[in-house]
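What's in protein.cif: mmCIF, C-alpha atoms and all ligand atoms
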```
data_upload
#
loop_
_atom_site.label_atom_id
_atom_site.label_comp_id
_atom_site.auth_asym_id
_atom_site.auth_seq_id
_atom_site.Cartn_x
_atom_site.Cartn_y
_atom_site.Cartn_z
CA MET U 1 12.12 167.86 -87.21
CA THR U 2 10.63 166.08 -84.20
CA GLU U 3 12.35 162.78 -85.29
CA ALA U 4 15.60 164.47 -84.25
CA ILE U 5 14.42 165.04 -80.67
CA PRO U 6 15.89 161.89 -79.03
CA ALA U 7 19.33 162.63 -80.49
CA ILE U 8 19.11 166.32 -79.54
CA LEU U 9 18.15 165.44 -75.96
CA GLU U 10 21.07 163.04 -75.71
CA GLU U 11 23.45 165.70 -77.05
CA ILE U 12 22.18 168.24 -74.52
CA ARG U 13 22.50 165.69 -71.70
CA ALA U 14 26.09 164.92 -72.67
CA GLU U 15 26.97 168.60 -72.94
CA MET U 16 25.44 169.36 -69.55
CA ALA U 17 27.20 166.38 -67.92
CA ALA U 18 30.53 167.92 -68.95
CA ARG U 19 29.83 171.32 -67.37
CA THR U 20 31.80 172.16 -64.26
CA ASP U 21 30.13 175.52 -63.51
CA ARG U 22 26.73 174.18 -62.49
CA GLY U 23 25.39 176.97 -60.22
CA THR U 24 24.61 176.52 -56.53
CA PRO U 25 21.74 174.44 -55.11
CA ALA U 26 19.38 176.29 -52.75
CA ASP U 27 20.75 176.14 -49.23
CA TYR U 28 17.98 177.65 -47.10
CA ILE U 29 16.79 174.22 -45.98
CA PRO U 30 18.95 171.12 -45.39
CA GLU U 31 16.83 168.91 -47.69
CA LEU U 32 17.69 171.08 -50.73
CA ALA U 33 21.27 171.91 -49.67
CA ALA U 34 22.10 168.18 -49.59
CA ILE U 35 21.13 167.55 -53.22
CA ASP U 36 23.89 166.51 -55.62
CA PRO U 37 24.31 169.33 -58.19
CA GLY U 38 25.68 166.78 -60.68
CA GLN U 39 22.18 165.61 -61.57
CA PHE U 40 20.37 166.63 -64.74
CA GLY U 41 17.16 165.50 -66.44
CA LEU U 42 15.19 166.71 -69.45
CA SER U 43 11.86 165.51 -70.81
CA VAL U 44 9.63 166.58 -73.71
CA VAL U 45 5.99 165.59 -74.33
CA LEU U 46 4.80 166.36 -77.85
CA ALA U 47 1.31 167.25 -79.06
CA ASP U 48 0.85 163.68 -80.35
CA GLY U 49 1.36 162.40 -76.79
CA SER U 50 4.79 160.90 -77.36
CA GLN U 51 7.44 161.53 -74.71
CA HIS U 52 11.22 161.68 -75.01
CA SER U 53 13.60 162.04 -72.09
CA ALA U 54 17.29 162.05 -71.23
CA GLY U 55 19.39 161.98 -68.06
CA ASP U 56 18.03 161.62 -64.52
CA THR U 57 14.40 161.37 -65.53
CA ALA U 58 13.11 159.17 -62.72
CA ILE U 59 14.42 161.04 -59.66
CA PRO U 60 11.73 163.04 -57.84
CA PHE U 61 12.75 166.61 -56.97
CA SER U 62 11.05 169.40 -55.04
CA ILE U 63 8.93 171.37 -57.53
CA GLN U 64 8.81 174.41 -55.21
CA SER U 65 7.60 177.49 -57.11
CA ILE U 66 6.48 175.47 -60.13
CA SER U 67 3.55 174.54 -57.88
CA LYS U 68 2.41 178.17 -58.19
CA VAL U 69 1.21 177.44 -61.73
CA PHE U 70 -1.09 174.62 -60.60
CA ALA U 71 -2.29 176.64 -57.59
CA LEU U 72 -3.17 179.53 -59.91
CA ALA U 73 -5.22 177.23 -62.13
CA ILE U 74 -7.16 176.06 -59.06
CA ALA U 75 -7.67 179.56 -57.60
CA LEU U 76 -8.92 180.85 -60.97
CA GLY U 77 -11.28 177.88 -61.06
CA HIS U 78 -12.75 178.94 -57.71
CA HIS U 79 -12.83 182.72 -58.18
CA GLY U 80 -12.47 183.49 -61.89
CA ASP U 81 -11.37 187.03 -62.72
CA ARG U 82 -12.25 188.26 -59.23
CA LEU U 83 -8.82 186.95 -58.25
CA TRP U 84 -7.19 189.86 -60.11
CA ALA U 85 -8.52 192.32 -57.54
CA ARG U 86 -6.07 190.75 -55.09
CA VAL U 87 -2.98 190.11 -57.22
CA GLY U 88 -1.50 191.95 -60.21
CA ARG U 89 -0.18 190.84 -63.58
CA GLU U 90 3.03 192.81 -63.90
CA PRO U 91 6.61 191.60 -63.63
CA SER U 92 8.17 192.70 -60.35
CA GLY U 93 11.77 193.11 -61.45
CA LEU U 94 12.69 191.97 -57.95
CA ALA U 95 13.69 188.74 -56.21
CA PHE U 96 10.99 186.11 -55.68
CA ASN U 97 10.84 186.75 -51.94
CA SER U 98 11.16 190.55 -51.99
CA ILE U 99 9.13 192.61 -49.53
CA LEU U 100 9.97 195.97 -51.12
CA GLN U 101 6.99 196.66 -53.38
CA LEU U 102 4.31 195.41 -51.02
CA GLU U 103 4.20 198.53 -48.85
CA HIS U 104 4.10 200.92 -51.81
CA GLU U 105 1.41 198.87 -53.44
CA ARG U 106 -0.73 198.45 -50.33
CA GLY U 107 -0.43 194.72 -49.91
CA ILE U 108 -1.39 193.84 -53.51
CA PRO U 109 1.47 191.70 -54.89
CA ARG U 110 2.66 192.39 -58.42
CA ASN U 111 1.95 188.93 -59.84
CA PRO U 112 0.93 185.37 -58.82
CA PHE U 113 4.44 183.92 -59.18
CA ILE U 114 6.46 185.98 -56.71
CA ASN U 115 6.05 184.57 -53.19
CA ALA U 116 3.66 187.28 -51.98
CA GLY U 117 1.40 186.74 -54.98
CA ALA U 118 1.52 182.97 -54.64
CA ILE U 119 0.57 183.21 -50.95
CA VAL U 120 -2.51 185.27 -51.93
CA VAL U 121 -3.35 182.72 -54.65
CA THR U 122 -3.10 179.84 -52.17
CA ASP U 123 -5.15 181.82 -49.65
CA ALA U 124 -7.82 182.24 -52.35
CA ALA U 125 -7.56 178.61 -53.47
CA LEU U 126 -8.30 177.50 -49.89
CA ALA U 127 -11.74 179.07 -50.41
CA GLY U 128 -12.91 178.38 -46.88
CA HIS U 129 -11.58 174.84 -46.82
CA ALA U 130 -8.97 173.32 -44.52
CA PRO U 131 -5.42 173.18 -45.98
CA ARG U 132 -5.70 169.39 -46.13
CA GLU U 133 -8.68 169.62 -48.48
CA TYR U 134 -6.98 172.17 -50.74
CA LEU U 135 -3.82 170.07 -50.88
CA GLY U 136 -5.95 167.07 -51.81
CA GLU U 137 -7.54 169.09 -54.61
CA LEU U 138 -4.12 170.29 -55.79
CA LEU U 139 -2.65 166.77 -55.82
CA THR U 140 -5.73 165.44 -57.62
CA PHE U 141 -5.30 168.15 -60.27
CA ILE U 142 -1.57 167.47 -60.72
CA ARG U 143 -2.06 163.69 -60.80
CA ALA U 144 -4.82 164.05 -63.40
CA ALA U 145 -2.65 166.41 -65.46
CA ALA U 146 0.31 164.02 -65.26
CA GLY U 147 -1.79 160.89 -65.69
CA ASP U 148 0.10 159.47 -62.72
CA GLU U 149 -1.07 158.81 -59.15
CA ASP U 150 2.46 158.63 -57.80
CA VAL U 151 2.91 162.33 -56.93
CA HIS U 152 3.42 163.19 -53.26
CA ILE U 153 4.35 165.88 -50.75
CA ASN U 154 7.68 165.53 -48.95
CA ALA U 155 6.76 166.14 -45.30
CA ASP U 156 10.37 166.88 -44.24
CA VAL U 157 10.67 169.63 -46.85
CA ALA U 158 7.33 171.11 -45.77
CA ARG U 159 8.49 171.12 -42.13
CA SER U 160 11.81 172.77 -42.98
CA GLU U 161 10.04 175.39 -45.12
CA THR U 162 7.83 176.21 -42.13
CA GLU U 163 10.79 176.43 -39.74
CA THR U 164 12.78 178.77 -41.99
CA GLY U 165 9.98 180.69 -43.69
CA HIS U 166 10.33 183.98 -41.79
CA ARG U 167 10.23 186.13 -44.94
CA ASN U 168 7.10 184.35 -46.11
CA PHE U 169 5.51 184.91 -42.69
CA ALA U 170 6.44 188.60 -42.97
CA LEU U 171 4.80 188.81 -46.41
CA ALA U 172 1.67 187.02 -45.23
CA HIS U 173 1.25 189.14 -42.10
CA PHE U 174 1.79 192.33 -44.08
CA MET U 175 -0.89 191.34 -46.58
CA ARG U 176 -3.21 190.35 -43.76
CA ALA U 177 -2.72 193.84 -42.27
CA HIS U 178 -3.88 195.24 -45.63
CA GLY U 179 -6.91 192.96 -45.70
CA ASN U 180 -5.51 190.89 -48.57
CA LEU U 181 -5.37 187.55 -46.77
CA THR U 182 -8.61 185.91 -45.74
CA ASN U 183 -7.11 183.04 -43.74
CA ALA U 184 -4.78 183.26 -40.76
CA PRO U 185 -1.17 183.58 -42.02
CA GLU U 186 -0.29 180.20 -40.40
CA LEU U 187 -3.07 178.49 -42.31
CA ALA U 188 -2.36 180.02 -45.72
CA LEU U 189 1.37 179.40 -45.29
CA GLY U 190 0.85 175.85 -44.08
CA ALA U 191 -0.90 175.16 -47.39
CA TYR U 192 1.72 177.13 -49.36
CA PHE U 193 4.71 175.36 -47.77
CA HIS U 194 3.16 171.95 -48.43
CA GLN U 195 2.41 172.79 -52.06
CA CYS U 196 6.05 173.87 -52.53
CA ALA U 197 7.13 170.50 -51.06
CA ILE U 198 5.44 168.45 -53.80
CA GLU U 199 7.95 166.18 -55.52
CA MET U 200 7.92 165.08 -59.15
CA THR U 201 10.29 163.62 -61.72
CA VAL U 202 10.96 165.48 -64.98
CA ASP U 203 8.96 162.79 -66.75
CA GLN U 204 5.94 163.45 -64.54
CA LEU U 205 6.32 167.23 -64.68
CA ALA U 206 6.50 167.31 -68.48
CA ARG U 207 3.30 165.27 -68.63
CA ALA U 208 1.62 167.47 -66.02
CA GLY U 209 2.40 170.51 -68.17
CA ARG U 210 0.33 169.19 -71.08
CA PHE U 211 -2.73 171.11 -69.90
CA LEU U 212 -0.84 174.33 -70.60
CA MET U 213 0.14 173.43 -74.17
CA GLY U 214 -3.49 173.21 -75.19
CA ALA U 215 -3.66 169.40 -75.11
CA ARG U 216 -6.94 167.54 -74.67
CA PRO U 217 -8.70 166.69 -72.47
CA ARG U 218 -8.75 170.30 -71.30
CA LEU U 219 -8.43 170.71 -67.53
CA ILE U 220 -8.96 174.48 -67.80
CA SER U 221 -10.37 176.74 -70.53
CA ALA U 222 -8.28 177.75 -73.56
CA ASP U 223 -8.54 181.36 -72.40
CA ARG U 224 -6.98 180.54 -69.03
CA VAL U 225 -4.27 178.49 -70.70
CA ARG U 226 -3.27 181.56 -72.73
CA ARG U 227 -3.30 183.83 -69.73
CA ILE U 228 -1.27 181.52 -67.51
CA ASN U 229 1.28 181.16 -70.31
CA ALA U 230 1.44 184.96 -70.64
CA LEU U 231 2.18 185.25 -66.93
CA MET U 232 4.80 182.51 -67.12
CA LEU U 233 6.55 184.39 -69.90
CA THR U 234 6.50 187.76 -68.15
CA CYS U 235 6.84 186.70 -64.50
CA GLY U 236 7.81 183.00 -64.34
CA HIS U 237 11.49 183.64 -63.62
CA TYR U 238 11.18 186.69 -61.32
CA ASP U 239 13.87 189.27 -62.10
CA GLY U 240 15.28 186.81 -64.65
CA SER U 241 12.03 186.68 -66.68
CA GLY U 242 13.19 189.06 -69.40
CA ASP U 243 16.42 187.16 -69.86
CA PHE U 244 14.60 183.80 -70.05
CA ALA U 245 12.16 185.19 -72.66
CA PHE U 246 15.08 186.61 -74.63
CA ARG U 247 17.13 183.41 -74.53
CA VAL U 248 14.43 180.72 -74.73
CA GLY U 249 11.44 182.53 -76.26
CA LEU U 250 8.93 180.28 -74.47
CA PRO U 251 6.84 180.65 -71.28
CA GLY U 252 8.43 178.92 -68.30
CA LYS U 253 8.08 178.59 -64.54
CA SER U 254 11.08 177.84 -62.39
CA GLY U 255 11.41 176.48 -58.87
CA VAL U 256 14.22 176.84 -56.38
CA GLY U 257 14.55 173.03 -56.39
CA GLY U 258 16.15 173.43 -59.85
CA GLY U 259 13.17 172.46 -61.98
CA ILE U 260 11.67 174.44 -64.85
CA LEU U 261 8.40 173.75 -66.68
CA VAL U 262 8.46 175.21 -70.19
CA ILE U 263 5.57 175.34 -72.65
CA ALA U 264 5.83 175.46 -76.45
CA PRO U 265 2.14 176.29 -77.11
CA GLY U 266 0.46 173.75 -79.33
CA ARG U 267 3.71 171.83 -79.67
CA ALA U 268 5.20 170.54 -76.45
CA SER U 269 5.45 170.52 -72.69
CA ILE U 270 9.06 170.44 -71.50
CA ALA U 271 10.49 169.80 -68.03
CA VAL U 272 14.12 170.18 -67.05
CA TRP U 273 15.88 169.70 -63.74
CA SER U 274 19.35 170.63 -62.60
CA PRO U 275 19.65 171.64 -58.92
CA GLY U 276 22.33 174.37 -59.29
CA LEU U 277 20.80 177.85 -59.45
CA ASN U 278 21.88 181.14 -61.02
CA GLU U 279 21.80 184.51 -59.25
CA GLN U 280 18.04 184.92 -59.69
CA GLY U 281 17.36 181.51 -58.13
CA ASN U 282 16.55 179.78 -61.43
CA SER U 283 18.22 176.56 -62.61
CA LYS U 284 21.46 177.52 -64.36
CA LEU U 285 21.94 174.47 -66.57
CA GLY U 286 18.18 173.99 -66.87
CA THR U 287 17.92 177.38 -68.55
CA GLU U 288 20.87 176.62 -70.83
CA ALA U 289 19.42 173.23 -71.76
CA VAL U 290 16.00 174.58 -72.79
CA GLU U 291 17.69 177.43 -74.61
CA MET U 292 19.63 174.84 -76.65
CA LEU U 293 16.55 172.70 -77.21
CA ALA U 294 14.34 175.60 -78.32
CA ARG U 295 17.00 176.91 -80.65
CA ARG U 296 17.72 173.51 -82.20
CA LEU U 297 14.02 172.90 -82.86
CA GLY U 298 13.19 176.49 -83.83
CA TRP U 299 10.57 176.62 -81.07
CA SER U 300 9.72 180.17 -80.05
CA ILE U 301 6.45 181.97 -79.56
CA PHE U 302 8.03 184.86 -81.44
CA GLY U 303 8.05 183.04 -84.77
N1 LIG G 1 9.45 177.49 -50.96
C1 LIG G 1 10.19 178.57 -51.58
C2 LIG G 1 9.88 179.85 -50.85
O1 LIG G 1 8.74 180.07 -50.54
C3 LIG G 1 9.82 178.65 -53.03
C4 LIG G 1 10.62 179.70 -53.75
C5 LIG G 1 10.99 179.32 -55.17
O2 LIG G 1 10.91 178.19 -55.63
N2 LIG G 1 11.49 180.30 -55.87
O3 LIG G 1 10.75 180.63 -50.57
#
```
As structure tokens - that is how I would like this structure written.
Amino acid sequence: MTEAIPAILEEIRAEMAARTDRGTPADYIPELAAIDPGQFGLSVVLADGSQHSAGDTAIPFSIQSISKVFALAIALGHHGDRLWARVGREPSGLAFNSILQLEHERGIPRNPFINAGAIVVTDAALAGHAPREYLGELLTFIRAAAGDEDVHINADVARSETETGHRNFALAHFMRAHGNLTNAPELALGAYFHQCAIEMTVDQLARAGRFLMGARPRLISADRVRRINALMLTCGHYDGSGDFAFRVGLPGKSGVGGGILVIAPGRASIAVWSPGLNEQGNSKLGTEAVEMLARRLGWSIFG
């Protein structure tokens, strides 16, 4: 079946190139609003280490919320299960930047992938270090996972995120008021905005995802791999997580830059990028492309 992958990827690329309804790129910062929605890239790394790609596979894009997966791996490395006293493991059913539940739930965010939860995770990952040191650790982790040193932070994106991040500041201050932020909001958010501004190509991202498909060498324990995948399945697409699980049947984490990292446990790490987003802020064609790929290959964690 895997011999068919190059042809399937090419078919998906051609089908996506013909689409006119491509969703809308994020417009909350100029750097993302200016991106051409006509772009599309898809890459698959298999368990045997081989990689197949199609489309715009060498153009770096802003990974945004996909960075939350790597940050979670680092925070769990520092704190282990103590982290779960500060952030939950339930889908929120609300937008990624929603403030609604936080007051009811006393400053404990529902899960590590909505913004509030990711800010707590980054706050924990800082672990008493300066943001610069944490970002160095994060980049080292991602570069090791990808097997590629050429992964960087886009400083303009980080600056724009900071200038426009009023909702994130509101979330951080609210959690600080509830004693669920150990660093000053400016510090935790400085680290968070820079991690969101990391850029990668689909080729790099698919390789970086190998640590979540159970590939060796293991960067984190098999137990943590399972748990992060479970959270990606239930919470990785915010209020679109149920629909993604229904359509694709694999754990995935999206970013507002139009990227999605998808894991077929034991089989493959998949990255897709198409900048136009659907109503939940997840890549519209990216979702359709991985849905097609998973269906064609019969890849689903549900059998
Ligand atoms: N930087 C974005 C934010 O914090 C990330 C959101 C996303 O990718 N969904 O709002």
One decimal, in Å: what's the spacing between CA of Ala34 (chain U) and CA of Glu199 (chain U)?
15.5 Å
Which residues are close to Leu102 (chain U), i.e. within 10 Å by only C-alpha atoms, leaving aside same-chain residues fewer than 2 positions away? Reply as a count of residues only.
16
Near-ligand residues for ligand LIG 1 (chain G), threshold 6 Å, all atoms listed in the file, as a VMD selection string:
chain U and resid 64 to 65 96 115 196 255 to 256
Pick from U:Glu279, U:Asp239, U:Glu15, U:Glu186, whichever lies nearest to Pro131 (chain U) using only C-alpha atoms
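Among the listed residues, U:Glu186 lies closest to Pro131 (chain U).
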Excluding same-chain residues fewer than 6 positions from region 78-91 of chain U, what lies within 9 Å of it counting only C-alpha atoms, as a PyMOL selection string?
chain U and resi 107-112+114+116-118+120-121+124-125+127+180-181+231+234-236+238-239+241
